[in-house]
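Undergrad: Once you've had a glance at the structure underneath, I'll fire off some questions.
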Amino acid sequence: MSPTRLLSLPKTARGTGTGLRTVQLVRDAAEFDALAADWDGLVDRCSSATPFQSHAWLSSWWHSYGRPGRLRLLTVRQDGVLVAAAPLMRGRGPFPRLVPVGSGLSDFLDILLDDGLAEQIAPLLARALARELRLTRPWAVLDLRELRPTGAAQRLAAYWPGAVRRLPDSLCLHLPGVPMDEVLARLPGRTAQRSRAKLRKLDAAGVEVREVPAEGVPQALGELLALHELQWRGRGVTPEHLRPRFAGHLSRAVGRMVAADRAVVRQYRLDGELIGCDLTLLGPTLAALYLYGAHPEARERLDLAGILFRENLAHAVATGRTELSLLRGDEPYKQRWRPEEVRSERLLLGGGPAVAVLAAAVRFRADAVRGLRERMPWLVTARCRLRELRASSD
């Protein structure tokens, strides 16, 4: 079978006045790589897209984490222009299951739909996914995790010919894209006063902030990851962040994204010494604070989180982005700023038995983890520490 094939369209997709539409299924990584320009053009026309849907992020993720033969990328073109894309791959499990490319490392997952044609293309894409990927079989399922409530994939549910189930997924936090003074005004009086005092101390200390150009990104990311590991040492660092494949993914993806104004890498220096670094990914309407590292000694003396947030908010305001996303997790350094909470969704589409069984398994696991954390928190901490030790030895 050819890795890329042109698919037949249902009669309802060929009506007059809609233009010539074609649907393709891509299974080859080289074909995926070749879509870069068309793909990012679609990202710019999809207002619900996040930086995790950019071509640089997804194609780099595939080269680090994808497995040959598992890519299932469905695209829709109208008069030759890419107007929809569903980056999927075969997942693991006892029955046929498709999941989004980028799973795990991407805080938001989604498909892409051209804003101007979304109402017309969503039904076509839903039928094409169900028919060509055989997702209406009783034991087949499309498992779409980490969907924002406004995500483009939410449109598929209304037109899906099989079973549909929605489940809660990760809790995400965000701030409005406004100047730091307005964020501080949201805080209780004493908290706001302390934060202003800490920021004045940073300014008086002479902390310098520098945006890294595209050519300097690989070295800067290496320094960021080193600071990130040092900062979280002994406190449950995410194991994957210590692995070479993650570093390779970031270097490939972020270099391209910085060059295309889809990411910013900042360094913070004091007396010429690097004391902090952050990576912010940029979408059409949001900036996403993805990763940062701070030297522990500097964190004890200075409010590095404060300057990090101030710089990111200022950049959001200057570029017209309305949201600073703090992504998944409710760590204390995020909660300090009184962010708004939004829970992502997990959308299951497929055959009735598969959707029912997977939904039951997800709920059972969530209940088990919740009970474990309540009754034996020490065991959860020990498990995280063991994972960290294993990752550091890889």
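By order of appearance in the structure tokens: chains A, B, ..., then residues from 1 within every chain, and ligands from 1 in the order shown.
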So which bits of segment 104-312 of chain A end up helix (DSSP H, G or I) when you DSSP the backbone, as a ChimeraX atom specification?

TA: /A:115-132,152-159,180-185,189-205,214-232,239-242,244-259,296-301,304-312

Undergrad: Skipping near chain neighbours, those fewer than 6 positions away, what residues fall within 10 Å of Pro168 of chain A using only C-alpha atoms, listed as a list in words?

TA: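 The residues that qualify are Arg145, Glu146, Leu147, Arg343, Ser344, Glu345, Arg346, Leu347, Val362 and Arg363 of chain A.
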
Undergrad: Restrict the selected residues to N, CA and C atoms and save them as a short mmCIF file (atom, residue, chain, number, x, y, z; two decimals), in the first residue's frame.

TA:
```cif
data_model
loop_
_atom_site.label_atom_id
_atom_site.label_comp_id
_atom_site.auth_asym_id
_atom_site.auth_seq_id
_atom_site.Cartn_x
_atom_site.Cartn_y
_atom_site.Cartn_z
N ARG A 145 -7.08 13.23 23.45
CA ARG A 145 -6.85 13.75 24.79
C ARG A 145 -6.46 15.23 24.74
N GLU A 146 -6.51 15.86 25.91
CA GLU A 146 -6.02 17.23 26.13
C GLU A 146 -6.62 18.23 25.14
N LEU A 147 -7.92 18.14 24.94
CA LEU A 147 -8.62 19.09 24.06
C LEU A 147 -9.10 20.28 24.86
N ARG A 343 -10.42 23.03 32.64
CA ARG A 343 -10.09 21.61 32.51
C ARG A 343 -10.24 21.18 31.05
N SER A 344 -9.20 20.56 30.54
CA SER A 344 -9.26 20.01 29.18
C SER A 344 -10.17 18.78 29.16
N GLU A 345 -10.51 18.34 27.96
CA GLU A 345 -11.42 17.20 27.80
C GLU A 345 -10.74 16.06 27.04
N ARG A 346 -11.24 14.89 27.26
CA ARG A 346 -10.84 13.70 26.51
C ARG A 346 -12.06 13.25 25.71
N LEU A 347 -11.94 13.25 24.41
CA LEU A 347 -13.05 12.94 23.52
C LEU A 347 -12.83 11.57 22.90
N VAL A 362 -10.74 4.41 31.97
CA VAL A 362 -10.21 5.73 32.34
C VAL A 362 -10.76 6.16 33.70
N ARG A 363 -12.06 5.98 33.91
CA ARG A 363 -12.66 6.36 35.19
C ARG A 363 -12.11 5.52 36.34
#
```

Undergrad: Name the residues of segment 74-197 of chain A that fall into strand (DSSP E or B) according to DSSP on the backbone, using the chain letters and numbers of this document, as a ChimeraX atom specification.

TA: /A:74-78,81-90,97-100,112-113,141-147,163-176

Undergrad: Print the selection's residues with N, CA and C atoms to a file, as a short mmCIF file (atom, residue, chain, number, x, y, z; two decimals), in the first residue's frame.

TA:
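Final file, again-v6.cif:
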```
data_model
loop_
_atom_site.label_atom_id
_atom_site.label_comp_id
_atom_site.auth_asym_id
_atom_site.auth_seq_id
_atom_site.Cartn_x
_atom_site.Cartn_y
_atom_site.Cartn_z
N LEU A 74 -4.50 12.53 8.23
CA LEU A 74 -5.55 12.79 7.25
C LEU A 74 -5.60 14.28 6.94
N THR A 75 -5.55 14.63 5.66
CA THR A 75 -5.61 16.04 5.24
C THR A 75 -6.75 16.27 4.27
N VAL A 76 -7.29 17.49 4.29
CA VAL A 76 -8.33 17.90 3.35
C VAL A 76 -7.86 19.17 2.66
N ARG A 77 -7.94 19.18 1.34
CA ARG A 77 -7.62 20.37 0.56
C ARG A 77 -8.84 20.83 -0.23
N GLN A 78 -8.94 22.13 -0.38
CA GLN A 78 -9.96 22.71 -1.25
C GLN A 78 -9.27 23.58 -2.29
N VAL A 81 -5.65 24.07 -1.59
CA VAL A 81 -5.25 24.72 -0.33
C VAL A 81 -5.59 23.79 0.84
N LEU A 82 -4.64 23.59 1.74
CA LEU A 82 -4.89 22.76 2.91
C LEU A 82 -5.88 23.46 3.84
N VAL A 83 -7.02 22.82 4.10
CA VAL A 83 -8.06 23.44 4.93
C VAL A 83 -8.38 22.63 6.18
N ALA A 84 -7.85 21.42 6.31
CA ALA A 84 -8.06 20.61 7.51
C ALA A 84 -6.96 19.57 7.60
N ALA A 85 -6.59 19.23 8.83
CA ALA A 85 -5.58 18.20 9.05
C ALA A 85 -5.82 17.54 10.40
N ALA A 86 -5.71 16.22 10.41
CA ALA A 86 -5.85 15.45 11.65
C ALA A 86 -4.58 14.60 11.81
N PRO A 87 -3.60 15.08 12.60
CA PRO A 87 -2.34 14.35 12.80
C PRO A 87 -2.51 13.23 13.82
N LEU A 88 -2.66 12.00 13.35
CA LEU A 88 -2.96 10.87 14.20
C LEU A 88 -1.93 9.76 14.02
N MET A 89 -1.96 8.81 14.93
CA MET A 89 -1.09 7.63 14.83
C MET A 89 -1.77 6.47 15.55
N ARG A 90 -1.37 5.28 15.19
CA ARG A 90 -1.87 4.10 15.88
C ARG A 90 -1.31 4.06 17.30
N ARG A 97 -6.80 1.56 18.03
CA ARG A 97 -6.95 2.86 18.69
C ARG A 97 -6.04 3.88 18.03
N LEU A 98 -6.61 5.02 17.67
CA LEU A 98 -5.84 6.12 17.11
C LEU A 98 -5.75 7.24 18.14
N VAL A 99 -4.56 7.85 18.24
CA VAL A 99 -4.32 8.94 19.18
C VAL A 99 -3.59 10.05 18.44
N PRO A 100 -3.58 11.27 18.96
CA PRO A 100 -2.90 12.37 18.26
C PRO A 100 -1.38 12.25 18.30
N LEU A 112 -6.76 20.53 13.03
CA LEU A 112 -6.76 21.88 12.47
C LEU A 112 -7.91 22.01 11.48
N LEU A 113 -8.65 23.10 11.59
CA LEU A 113 -9.72 23.44 10.65
C LEU A 113 -9.59 24.91 10.29
N VAL A 141 -11.44 2.86 18.12
CA VAL A 141 -11.72 4.10 18.83
C VAL A 141 -10.70 5.17 18.45
N LEU A 142 -11.16 6.42 18.36
CA LEU A 142 -10.31 7.59 18.22
C LEU A 142 -10.27 8.28 19.58
N ASP A 143 -9.10 8.31 20.20
CA ASP A 143 -8.93 8.78 21.57
C ASP A 143 -8.21 10.13 21.54
N LEU A 144 -8.97 11.20 21.65
CA LEU A 144 -8.44 12.56 21.55
C LEU A 144 -8.32 13.17 22.94
N ARG A 145 -7.08 13.23 23.45
CA ARG A 145 -6.85 13.75 24.79
C ARG A 145 -6.46 15.23 24.74
N GLU A 146 -6.51 15.86 25.91
CA GLU A 146 -6.02 17.23 26.13
C GLU A 146 -6.62 18.23 25.14
N LEU A 147 -7.92 18.14 24.94
CA LEU A 147 -8.62 19.09 24.06
C LEU A 147 -9.10 20.28 24.86
N ALA A 163 -20.27 6.07 18.28
CA ALA A 163 -20.42 6.45 19.69
C ALA A 163 -19.53 7.64 20.03
N VAL A 164 -20.00 8.46 20.96
CA VAL A 164 -19.27 9.65 21.42
C VAL A 164 -19.29 9.68 22.94
N ARG A 165 -18.14 9.94 23.55
CA ARG A 165 -18.07 10.07 25.00
C ARG A 165 -17.05 11.14 25.36
N ARG A 166 -17.42 12.02 26.29
CA ARG A 166 -16.50 13.05 26.78
C ARG A 166 -16.14 12.76 28.24
N LEU A 167 -14.86 12.93 28.54
CA LEU A 167 -14.36 12.71 29.89
C LEU A 167 -13.48 13.89 30.29
N PRO A 168 -13.37 14.18 31.59
CA PRO A 168 -12.46 15.26 32.02
C PRO A 168 -11.01 14.83 31.84
N ASP A 169 -10.15 15.79 31.54
CA ASP A 169 -8.73 15.51 31.40
C ASP A 169 -7.95 16.49 32.28
N SER A 170 -6.77 16.92 31.88
CA SER A 170 -5.89 17.68 32.75
C SER A 170 -6.44 19.07 33.08
N LEU A 171 -6.11 19.52 34.29
CA LEU A 171 -6.42 20.89 34.70
C LEU A 171 -5.32 21.82 34.19
N CYS A 172 -5.71 22.88 33.51
CA CYS A 172 -4.76 23.86 32.98
C CYS A 172 -5.07 25.23 33.57
N LEU A 173 -4.03 26.03 33.71
CA LEU A 173 -4.15 27.37 34.29
C LEU A 173 -3.73 28.42 33.26
N HIS A 174 -4.34 29.59 33.34
CA HIS A 174 -3.91 30.67 32.45
C HIS A 174 -4.21 32.04 33.06
N LEU A 175 -3.46 33.01 32.57
CA LEU A 175 -3.64 34.41 32.93
C LEU A 175 -4.05 35.19 31.70
N PRO A 176 -4.77 36.30 31.87
CA PRO A 176 -5.07 37.13 30.71
C PRO A 176 -3.80 37.81 30.21
#
```

Undergrad: So which one's closest to Asn312 of chain A, A:Val209, A:Leu358, A:Ala118, A:Ala153? Using only C-alpha atoms, please.

TA: A:Val209

Undergrad: Just want the 9 Å neighbourhood of segment 302-305 of chain A, counted on only C-alpha atoms, with same-chain residues fewer than 6 positions away dropped. Output as a ChimeraX atom specification.

TA: /A:195,198-199,201-202,205,268,275-276,294,333-334

Undergrad: Which of these residues is nearest to Ala354 of chain A, using only C-alpha atoms: A:Phe52, A:Trp62, A:Phe95, A:Tyr292?

TA: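 Nearest to Ala354 of chain A: A:Phe95.
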
Undergrad: What does the structure give for the distance between atom CA of Ala122 of chain A and atom CA of Leu282 of chain A, in Å to one decimal?

TA: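 These two atoms are separated by 25.1 Å.
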
Undergrad: List the neighbours of Leu230 of chain A out to 8 Å using only C-alpha atoms; skip same-chain residues closer than 5 positions along the sequence, and give me the result as a list in words.

TA: Gly293, Ala294, His295 and Pro296 of chain A

Undergrad: Can those selected residues be exported to a file as a tab-separated table (two decimals), in the first residue's frame so that it contains N, CA and C atoms?

TA:
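To be explicit, this is the file written out as part_9.tsv:
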```
chain	number	residue	atom	x	y	z
A	293	GLY	N	14.08	26.95	33.73
A	293	GLY	CA	15.07	26.48	34.68
A	293	GLY	C	15.66	27.66	35.42
A	294	ALA	N	15.92	27.48	36.71
A	294	ALA	CA	16.48	28.55	37.53
A	294	ALA	C	17.52	27.96	38.48
A	295	HIS	N	18.62	28.66	38.64
A	295	HIS	CA	19.65	28.17	39.54
A	295	HIS	C	19.14	28.25	40.98
A	296	PRO	N	19.25	27.16	41.75
A	296	PRO	CA	18.68	27.15	43.11
A	296	PRO	C	19.21	28.28	43.99
```

Undergrad: Name the closest residue to Arg137 of chain A among the candidates A:Leu250, A:Gly234, A:Leu124, A:Pro161; distances are taken between atoms, counting only C-alpha atoms.

TA: A:Pro161

Undergrad: With only C-alpha atoms as the counted atoms, please give the residues lying no more than 12 Å from Gly41 of chain A, apart from itself and same-chain residues fewer than 2 positions off, as a short mmCIF file (atom, residue, chain, number, x, y, z; two decimals) with C-alpha atoms, in the first residue's frame.

TA:
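Here's the written file selection-v9.cif:
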```
data_model
loop_
_atom_site.label_atom_id
_atom_site.label_comp_id
_atom_site.auth_asym_id
_atom_site.auth_seq_id
_atom_site.Cartn_x
_atom_site.Cartn_y
_atom_site.Cartn_z
CA LEU A 35 3.80 19.69 4.38
CA ALA A 36 5.56 22.35 6.50
CA ALA A 37 4.60 25.51 4.58
CA ASP A 38 0.99 24.47 3.89
CA TRP A 39 0.60 23.19 7.45
CA VAL A 43 -2.28 26.96 11.70
CA ASP A 44 -2.42 30.72 11.08
CA ARG A 45 -5.99 30.37 9.79
CA CYS A 46 -7.15 28.23 12.73
CA SER A 47 -7.80 30.54 15.69
CA ALA A 49 -4.67 26.29 17.27
CA GLN A 53 -0.19 22.07 16.53
CA SER A 54 2.64 23.78 14.63
CA HIS A 55 4.45 21.68 12.03
CA VAL A 81 -5.25 24.72 -0.33
CA LEU A 82 -4.89 22.76 2.91
CA VAL A 83 -8.06 23.44 4.93
CA ALA A 84 -8.06 20.61 7.51
CA ALA A 85 -5.58 18.20 9.05
CA LEU A 112 -6.76 21.88 12.47
CA LEU A 113 -9.72 23.44 10.65
CA ASP A 114 -9.63 26.59 8.53
CA ASP A 115 -11.80 29.13 10.36
CA ALA A 260 9.18 31.66 12.52
CA PRO A 284 -2.16 32.71 17.15
#
```

Undergrad: Calculated over only C-alpha atoms, which of the candidates A:Ala360, A:Pro149, A:Glu311, A:Leu227 has the smallest distance to Val342 of chain A?

TA: A:Pro149

Undergrad: What lies within 12 Å of Gly177 of chain A using only C-alpha atoms, ignoring chain neighbours under 3 positions off, as a VMD selection string?

TA: chain A and resid 174 180 to 183 285 to 288 309 to 326 339

Undergrad: Just the residues within 12 Å of Ala197 of chain A, please, counting only C-alpha atoms, with nothing from its chain fewer than 6 positions along; format it as a ChimeraX atom specification.

TA: /A:184,190-191,203-204,302-303,306-307

Undergrad: Keeping only C-alpha atoms, take the residues you just selected and write them out as an mmCIF file, in the first residue's frame.

TA:
```cif
data_model
loop_
_atom_site.group_PDB
_atom_site.id
_atom_site.type_symbol
_atom_site.label_atom_id
_atom_site.label_comp_id
_atom_site.auth_asym_id
_atom_site.auth_seq_id
_atom_site.Cartn_x
_atom_site.Cartn_y
_atom_site.Cartn_z
ATOM 1 C CA LEU A 184 -0.921 42.298 40.525
ATOM 2 C CA ARG A 190 -0.350 42.332 50.978
ATOM 3 C CA THR A 191 0.493 39.691 48.365
ATOM 4 C CA ASP A 203 15.496 45.580 38.952
ATOM 5 C CA ALA A 204 17.883 46.982 41.546
ATOM 6 C CA LEU A 302 15.665 36.641 43.980
ATOM 7 C CA ASP A 303 12.093 36.221 42.759
ATOM 8 C CA GLY A 306 8.254 37.141 39.129
ATOM 9 C CA ILE A 307 10.524 38.417 36.368
#
```

Undergrad: Using only C-alpha atoms, can you tell me which of A:Val101, A:Leu42, A:Trp139, A:Pro51 comes closest to Gly116 of chain A?

TA: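 Using only C-alpha atoms, the shortest distance to Gly116 of chain A belongs to A:Leu42.
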